[in-house]
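First the structure, in the form of structure tokens, and then the observations on it.
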Amino acid sequence: MTKPAKSPAKSAVSMPGAATDPARPGLERIPNYRSGPLPGVDLDLRDNLNLWGAPPRAMAAVRGAAESLVRSYPSTNAVELSATIAEAAGIDPSEVVAGCGSDDVIDACFRAVASPGERVAHADPTFSMVPILARLNGLEPVAVPLMRDGAADVDALLATGARVIYLCSPNNPTGSVTPDADIRRLVERAPGVVLIDTAYAEFAAGTDWRAEAVAMGKVLVTRTFSKAWGLAGLRVGYGVGSAALVDAVSKARGPYKVSALAELAAVTALREDGDWMLRTSREAIDARERLAAALRGRPGVRVHDSRGNFLLLEVADRAVELAARFQSRGIGVRALPGLTGYGDTLRIGVAPWEQLERVVAVAEELWP
């Protein structure tokens, strides 16, 4: 009986991609954003949230939501939310684009208006996701240091010739603002699109750039429901601009980015929880100023003026150590070592004063 032929020897050549990094070139330069609970922390002040709670009528609406909202797809473009935002801002719904948090809208804007290889100019320091989102879209982030007073250096931003200029005011993590006159000059002279991030606008008196963005044509103004509105877990943000710009951003963003429950909560909050938002924002401002007064003048720490719902503290090469000291007392603060122009810093979000008294107690230990 003829023996069956032997199977051919296995090739020493690996299957395509089997032993190689599957990520595209350049992705190794991009950090993987990670955040989570800190062991032993019961007062977490790292994320600039509304620690007065969530909007009560919005929460009631979510609890009473129909089953159909969960088992069906949401609106492709958050139509009801866009209409509600437009009504509140005095613009047309075609001039509003909503997304999964304002960072989703920022990401889509970069992709919509800039081609791979073009530049995104931004202040440094600013919202940490901006250079990451730029690189993820194949763009080159160009960091421009803030001026000594914390305002954006408009002339230096313009000198980059960037296709997109990102400006956060009030700025995160510094809490500083860029004067209106400088922002207008930036918009007038920018060669491309200007994205004005106003995530902390509810905590600062000043111009509502949403009202002017449409007429400016090449400006997108973003806002979020994660801060003053207390809906961070539902991930809702939006941008306002000309209908042509909003249409482009909407295309780049893709459909179904705002879940049905998130849209229900945001719409209800805008329609029924405005007084709650204003009250808690005022309390956050009061708590910010009270905490600043309690910390200011202590040796070893410099407290910067802020128009956000947080404070930035310079702490002379001790950021990580001091954050650990706060954590040992059950308090989470954000350590930002080596911050451009500031050195080692801590960012501390605000909360009701009876909770912030714990921060002051730790400060007494650290900076008597």
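Ordered as shown in the structure tokens, chains take letters A, B, and onward, while each chain numbers its residues from 1 and ligands are numbered from 1 in the order shown.
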(message) Need the shell around Trp353 of chain A: protein/DNA/RNA residues with any atom at most 10 Å away, counting only C-alpha atoms. Skip same-chain ones fewer than 3 positions apart. Format as a ChimeraX atom specification?
(response) /A:283-284,286-288,290-291,350,356-359
(message) Run DSSP on the backbone and tell me which residues of segment 168-246 of chain A come out as strand (DSSP E or B); list them as a ChimeraX atom specification.
(response) /A:168,193-197,219-224,237-240
Just the residues within 9 Å of Ala98 of chain A, please, counting only C-alpha atoms, with nothing from its chain fewer than 6 positions along; format it as an mmCIF file with C-alpha atoms, in the first residue's frame.
```
data_model
loop_
_atom_site.group_PDB
_atom_site.id
_atom_site.type_symbol
_atom_site.label_atom_id
_atom_site.label_comp_id
_atom_site.auth_asym_id
_atom_site.auth_seq_id
_atom_site.Cartn_x
_atom_site.Cartn_y
_atom_site.Cartn_z
ATOM 1 C CA ASN A 77 -27.422 64.359 14.152
ATOM 2 C CA ALA A 78 -29.024 65.079 17.547
ATOM 3 C CA VAL A 79 -31.721 67.127 15.810
ATOM 4 C CA LEU A 81 -30.652 69.020 20.875
ATOM 5 C CA SER A 82 -29.329 71.184 18.032
ATOM 6 C CA ASP A 104 -15.405 64.803 19.640
ATOM 7 C CA VAL A 105 -16.406 68.063 17.926
ATOM 8 C CA VAL A 236 -22.391 65.730 25.228
ATOM 9 C CA GLY A 237 -20.729 68.723 23.605
ATOM 10 C CA TYR A 238 -21.388 70.955 20.642
ATOM 11 C CA GLY A 239 -20.008 73.539 18.278
ATOM 12 C CA VAL A 240 -21.518 76.696 16.777
ATOM 13 C CA SER A 250 -20.895 67.069 10.853
ATOM 14 C CA LYS A 257 -22.526 60.368 18.194
ATOM 15 C CA VAL A 258 -25.030 61.542 20.841
#
```
(message) What's around Glu140 of chain A at 7 Å? Count only C-alpha atoms, leave out sequence neighbours fewer than 5 positions away in its own chain, and write the answer as number ranges by chain.
(response) A: 117-120, 134-135
(request) Tell me which of A:Ala112, A:Ala159, A:Ala361, A:Ala83 sits closest to Leu295 of chain A, counting only C-alpha atoms. (result) A:Ala361
(request) Record the distance separating atom CA of Gly308 of chain A and atom CA of Pro170 of chain A, expressed in Å with one decimal. (result) 6.2 Å
(message) According to DSSP computed on the backbone, where in segment 252-344 of chain A is there alpha helix (DSSP H)? Give the residues as a VMD selection string.
(response) chain A and resid 252 to 253 260 to 272 274 to 295 319 to 328
Just-selected residues, C-alpha atoms written as a PDB file, in the first residue's frame:
```
ATOM      1  CA  ALA A 252     -16.308  64.430   9.473  1.00  0.00           C
ATOM      2  CA  ARG A 253     -17.857  63.525  12.814  1.00  0.00           C
ATOM      3  CA  ALA A 260     -30.726  59.023  22.886  1.00  0.00           C
ATOM      4  CA  LEU A 261     -30.465  59.194  26.689  1.00  0.00           C
ATOM      5  CA  ALA A 262     -27.720  61.806  26.486  1.00  0.00           C
ATOM      6  CA  GLU A 263     -29.784  63.922  24.113  1.00  0.00           C
ATOM      7  CA  LEU A 264     -32.851  63.616  26.350  1.00  0.00           C
ATOM      8  CA  ALA A 265     -30.840  64.713  29.389  1.00  0.00           C
ATOM      9  CA  ALA A 266     -29.177  67.654  27.628  1.00  0.00           C
ATOM     10  CA  VAL A 267     -32.413  68.916  26.089  1.00  0.00           C
ATOM     11  CA  THR A 268     -34.238  68.658  29.431  1.00  0.00           C
ATOM     12  CA  ALA A 269     -31.383  70.400  31.231  1.00  0.00           C
ATOM     13  CA  LEU A 270     -31.417  73.307  28.782  1.00  0.00           C
ATOM     14  CA  ARG A 271     -35.195  73.697  28.968  1.00  0.00           C
ATOM     15  CA  GLU A 272     -35.809  73.056  32.665  1.00  0.00           C
ATOM     16  CA  GLY A 274     -31.162  76.545  33.713  1.00  0.00           C
ATOM     17  CA  ASP A 275     -31.727  78.026  37.161  1.00  0.00           C
ATOM     18  CA  TRP A 276     -29.985  75.051  38.776  1.00  0.00           C
ATOM     19  CA  MET A 277     -26.980  75.467  36.466  1.00  0.00           C
ATOM     20  CA  LEU A 278     -26.717  79.191  37.171  1.00  0.00           C
ATOM     21  CA  ARG A 279     -26.985  78.673  40.930  1.00  0.00           C
ATOM     22  CA  THR A 280     -24.361  75.936  41.102  1.00  0.00           C
ATOM     23  CA  SER A 281     -22.033  77.872  38.765  1.00  0.00           C
ATOM     24  CA  ARG A 282     -22.259  80.917  41.055  1.00  0.00           C
ATOM     25  CA  GLU A 283     -21.510  78.697  44.031  1.00  0.00           C
ATOM     26  CA  ALA A 284     -18.525  77.216  42.160  1.00  0.00           C
ATOM     27  CA  ILE A 285     -17.189  80.723  41.473  1.00  0.00           C
ATOM     28  CA  ASP A 286     -17.625  81.680  45.131  1.00  0.00           C
ATOM     29  CA  ALA A 287     -15.871  78.488  46.238  1.00  0.00           C
ATOM     30  CA  ARG A 288     -13.024  79.146  43.781  1.00  0.00           C
ATOM     31  CA  GLU A 289     -12.423  82.638  45.131  1.00  0.00           C
ATOM     32  CA  ARG A 290     -12.718  81.510  48.738  1.00  0.00           C
ATOM     33  CA  LEU A 291     -10.217  78.687  48.181  1.00  0.00           C
ATOM     34  CA  ALA A 292      -7.829  81.044  46.377  1.00  0.00           C
ATOM     35  CA  ALA A 293      -7.968  83.449  49.317  1.00  0.00           C
ATOM     36  CA  ALA A 294      -7.299  80.606  51.770  1.00  0.00           C
ATOM     37  CA  LEU A 295      -4.224  79.402  49.831  1.00  0.00           C
ATOM     38  CA  ALA A 319       3.825  68.340  42.113  1.00  0.00           C
ATOM     39  CA  VAL A 320       3.912  64.545  42.273  1.00  0.00           C
ATOM     40  CA  GLU A 321       4.925  64.474  45.935  1.00  0.00           C
ATOM     41  CA  LEU A 322       2.215  66.941  46.950  1.00  0.00           C
ATOM     42  CA  ALA A 323      -0.490  65.157  44.938  1.00  0.00           C
ATOM     43  CA  ALA A 324       0.450  61.990  46.813  1.00  0.00           C
ATOM     44  CA  ARG A 325       0.142  63.857  50.119  1.00  0.00           C
ATOM     45  CA  PHE A 326      -3.360  64.985  49.164  1.00  0.00           C
ATOM     46  CA  GLN A 327      -4.227  61.438  48.094  1.00  0.00           C
ATOM     47  CA  SER A 328      -3.099  60.125  51.484  1.00  0.00           C
TER      48      SER A 328
END
```
(message) Let me make sure I understand: among A:Pro299, A:Pro145, A:Gly254, A:Pro39, which one has the smallest atom-to-atom distance to Cys109 of chain A if we use only C-alpha atoms?
(response)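 The closest residue to Cys109 of chain A is A:Gly254.
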Please report, as JSON lines, each residue of segment 125-208 of chain A lying at most 12 Å from segment 221-226 of chain A, together with the nearest pair of atoms and the separation in Å rounded to one decimal; use only C-alpha atoms, and order rows by chain and ascending residue number.
```
{"residue": "A:Ile165", "atom": "CA", "partner": "A:Val221", "partner_atom": "CA", "distance": 12.0}
{"residue": "A:Tyr166", "atom": "CA", "partner": "A:Val221", "partner_atom": "CA", "distance": 10.1}
{"residue": "A:Leu167", "atom": "CA", "partner": "A:Val221", "partner_atom": "CA", "distance": 9.6}
{"residue": "A:Cys168", "atom": "CA", "partner": "A:Thr222", "partner_atom": "CA", "distance": 9.4}
{"residue": "A:Ser169", "atom": "CA", "partner": "A:Val221", "partner_atom": "CA", "distance": 10.6}
{"residue": "A:Pro170", "atom": "CA", "partner": "A:Arg223", "partner_atom": "CA", "distance": 11.7}
{"residue": "A:Val187", "atom": "CA", "partner": "A:Val221", "partner_atom": "CA", "distance": 11.8}
{"residue": "A:Val193", "atom": "CA", "partner": "A:Val221", "partner_atom": "CA", "distance": 10.8}
{"residue": "A:Val194", "atom": "CA", "partner": "A:Val221", "partner_atom": "CA", "distance": 8.5}
{"residue": "A:Leu195", "atom": "CA", "partner": "A:Val221", "partner_atom": "CA", "distance": 5.9}
{"residue": "A:Ile196", "atom": "CA", "partner": "A:Val221", "partner_atom": "CA", "distance": 4.8}
{"residue": "A:Asp197", "atom": "CA", "partner": "A:Thr222", "partner_atom": "CA", "distance": 4.9}
{"residue": "A:Thr198", "atom": "CA", "partner": "A:Arg223", "partner_atom": "CA", "distance": 5.4}
{"residue": "A:Ala199", "atom": "CA", "partner": "A:Arg223", "partner_atom": "CA", "distance": 4.7}
{"residue": "A:Tyr200", "atom": "CA", "partner": "A:Arg223", "partner_atom": "CA", "distance": 7.9}
{"residue": "A:Ala201", "atom": "CA", "partner": "A:Arg223", "partner_atom": "CA", "distance": 8.0}
{"residue": "A:Glu202", "atom": "CA", "partner": "A:Arg223", "partner_atom": "CA", "distance": 9.7}
{"residue": "A:Thr207", "atom": "CA", "partner": "A:Val221", "partner_atom": "CA", "distance": 11.8}
{"residue": "A:Asp208", "atom": "CA", "partner": "A:Val221", "partner_atom": "CA", "distance": 9.4}
```
I need the residues from that last selection saved to file as an mmCIF file, in the first residue's frame (with N, CA and C atoms), if you can.
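And here is the file that came out, result.cif:
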```cif
data_model
loop_
_atom_site.group_PDB
_atom_site.id
_atom_site.type_symbol
_atom_site.label_atom_id
_atom_site.label_comp_id
_atom_site.auth_asym_id
_atom_site.auth_seq_id
_atom_site.Cartn_x
_atom_site.Cartn_y
_atom_site.Cartn_z
ATOM 1 N N ILE A 165 -6.197 77.203 14.120
ATOM 2 C CA ILE A 165 -5.684 77.757 15.377
ATOM 3 C C ILE A 165 -6.712 77.456 16.465
ATOM 4 N N TYR A 166 -6.251 76.745 17.487
ATOM 5 C CA TYR A 166 -7.105 76.381 18.613
ATOM 6 C C TYR A 166 -6.820 77.326 19.778
ATOM 7 N N LEU A 167 -7.888 77.891 20.334
ATOM 8 C CA LEU A 167 -7.758 78.821 21.464
ATOM 9 C C LEU A 167 -8.786 78.453 22.525
ATOM 10 N N CYS A 168 -8.318 78.172 23.732
ATOM 11 C CA CYS A 168 -9.196 77.850 24.852
ATOM 12 C C CYS A 168 -9.221 79.034 25.805
ATOM 13 N N SER A 169 -10.414 79.594 26.057
ATOM 14 C CA SER A 169 -10.524 80.746 26.954
ATOM 15 C C SER A 169 -11.891 80.712 27.636
ATOM 16 N N PRO A 170 -11.926 80.593 28.980
ATOM 17 C CA PRO A 170 -10.823 80.403 29.906
ATOM 18 C C PRO A 170 -10.036 79.141 29.577
ATOM 19 N N VAL A 187 -9.010 86.222 14.868
ATOM 20 C CA VAL A 187 -9.982 85.773 13.870
ATOM 21 C C VAL A 187 -9.820 86.546 12.564
ATOM 22 N N VAL A 193 -9.039 78.306 9.806
ATOM 23 C CA VAL A 193 -10.138 78.217 10.773
ATOM 24 C C VAL A 193 -9.626 78.458 12.191
ATOM 25 N N VAL A 194 -10.425 79.177 12.984
ATOM 26 C CA VAL A 194 -10.131 79.383 14.405
ATOM 27 C C VAL A 194 -11.166 78.622 15.222
ATOM 28 N N LEU A 195 -10.693 77.769 16.119
ATOM 29 C CA LEU A 195 -11.582 77.021 17.003
ATOM 30 C C LEU A 195 -11.448 77.611 18.400
ATOM 31 N N ILE A 196 -12.534 78.189 18.902
ATOM 32 C CA ILE A 196 -12.541 78.803 20.234
ATOM 33 C C ILE A 196 -13.271 77.861 21.188
ATOM 34 N N ASP A 197 -12.521 77.293 22.104
ATOM 35 C CA ASP A 197 -13.052 76.339 23.076
ATOM 36 C C ASP A 197 -13.477 77.109 24.323
ATOM 37 N N THR A 198 -14.786 77.098 24.601
ATOM 38 C CA THR A 198 -15.319 77.838 25.745
ATOM 39 C C THR A 198 -15.975 76.883 26.748
ATOM 40 N N ALA A 199 -15.287 75.782 27.030
ATOM 41 C CA ALA A 199 -15.826 74.767 27.938
ATOM 42 C C ALA A 199 -16.131 75.321 29.322
ATOM 43 N N TYR A 200 -15.412 76.405 29.716
ATOM 44 C CA TYR A 200 -15.570 76.958 31.067
ATOM 45 C C TYR A 200 -16.259 78.318 31.050
ATOM 46 N N ALA A 201 -16.976 78.615 29.987
ATOM 47 C CA ALA A 201 -17.594 79.936 29.835
ATOM 48 C C ALA A 201 -18.568 80.260 30.957
ATOM 49 N N GLU A 202 -19.240 79.254 31.490
ATOM 50 C CA GLU A 202 -20.242 79.522 32.534
ATOM 51 C C GLU A 202 -19.634 80.027 33.831
ATOM 52 N N THR A 207 -17.657 87.795 26.752
ATOM 53 C CA THR A 207 -18.381 87.692 25.494
ATOM 54 C C THR A 207 -18.850 86.264 25.249
ATOM 55 N N ASP A 208 -20.091 86.132 24.799
ATOM 56 C CA ASP A 208 -20.595 84.837 24.357
ATOM 57 C C ASP A 208 -20.249 84.705 22.874
#
```
(message) Between A:Ile106, A:Val113, A:Ala213, A:Ala89, which residue has the minimum interatomic distance to Pro131 of chain A, considering only C-alpha atoms?
(response)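 Smallest distance to Pro131 of chain A is found for A:Ile106.
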(message) Give me the residues near Leu136 of chain A as number ranges by chain, where near means some atom within 9 Å (using only C-alpha atoms) and where sequence neighbours in that chain fewer than 6 positions away do not count.
(response) A: 27, 30, 107
Output for the residues just chosen: C-alpha atoms as a CSV table (one decimal), in the first residue's frame:
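Dumped everything to out-v2.csv:
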```
chain,number,residue,atom,x,y,z
A,27,LEU,CA,1.1,56.1,16.7
A,30,ILE,CA,0.7,59.3,21.0
A,107,ASP,CA,-11.6,66.1,16.6
```
(message) Counting only C-alpha atoms, which residue out of A:Leu133, A:Val362, A:Val142, A:Leu186 sits closest to Asn32 of chain A?
(response)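 Among the listed residues, the smallest separation from Asn32 of chain A belongs to A:Leu133.
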(message) So, with only C-alpha atoms as the atoms that count, which of A:Asp317, A:Glu212, A:Glu28, A:Asp21 lies closest to Leu336 of chain A?
(response)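 That would be A:Asp317, the residue with the smallest distance to Leu336 of chain A.
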(message) Residues near Leu313 of chain A, anyone? I mean within 9 Å using only C-alpha atoms, not counting same-chain ones fewer than 2 positions away, as a list in words.
(response) Thr174, Val301, Arg302, Val303, His304, Leu311, Val315, Asp344, Thr345, Leu346, Arg347 and Ile348 of chain A
(request) Extract, using only C-alpha atoms, all DNA, RNA and protein residues at most 12 Å from Ser35 of chain A, discarding same-chain residues fewer than 6 positions from it, and format them as a PyMOL selection string. (result) chain A and resi 44+46-47+332+334
Could you write those residues out with C-alpha atoms, as a PDB file, in the first residue's frame?
```pdb
ATOM      1  CA  ASP A  44     -11.819  63.668  43.637  1.00  0.00           C
ATOM      2  CA  ARG A  46      -8.987  66.161  39.316  1.00  0.00           C
ATOM      3  CA  ASP A  47     -11.547  66.549  36.533  1.00  0.00           C
ATOM      4  CA  GLY A 332      -7.515  63.707  44.433  1.00  0.00           C
ATOM      5  CA  ARG A 334      -4.132  66.806  39.331  1.00  0.00           C
TER       6      ARG A 334
END
```
(request) Name the closest residue to Gly175 of chain A among the candidates A:Leu146, A:Ala244, A:Leu45, A:Met129; distances are taken between atoms, counting only C-alpha atoms. (result) A:Leu146
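Straight-line separation from atom CA of Gly217 of chain A to atom CA of Val97 of chain A: 14.7 Å.
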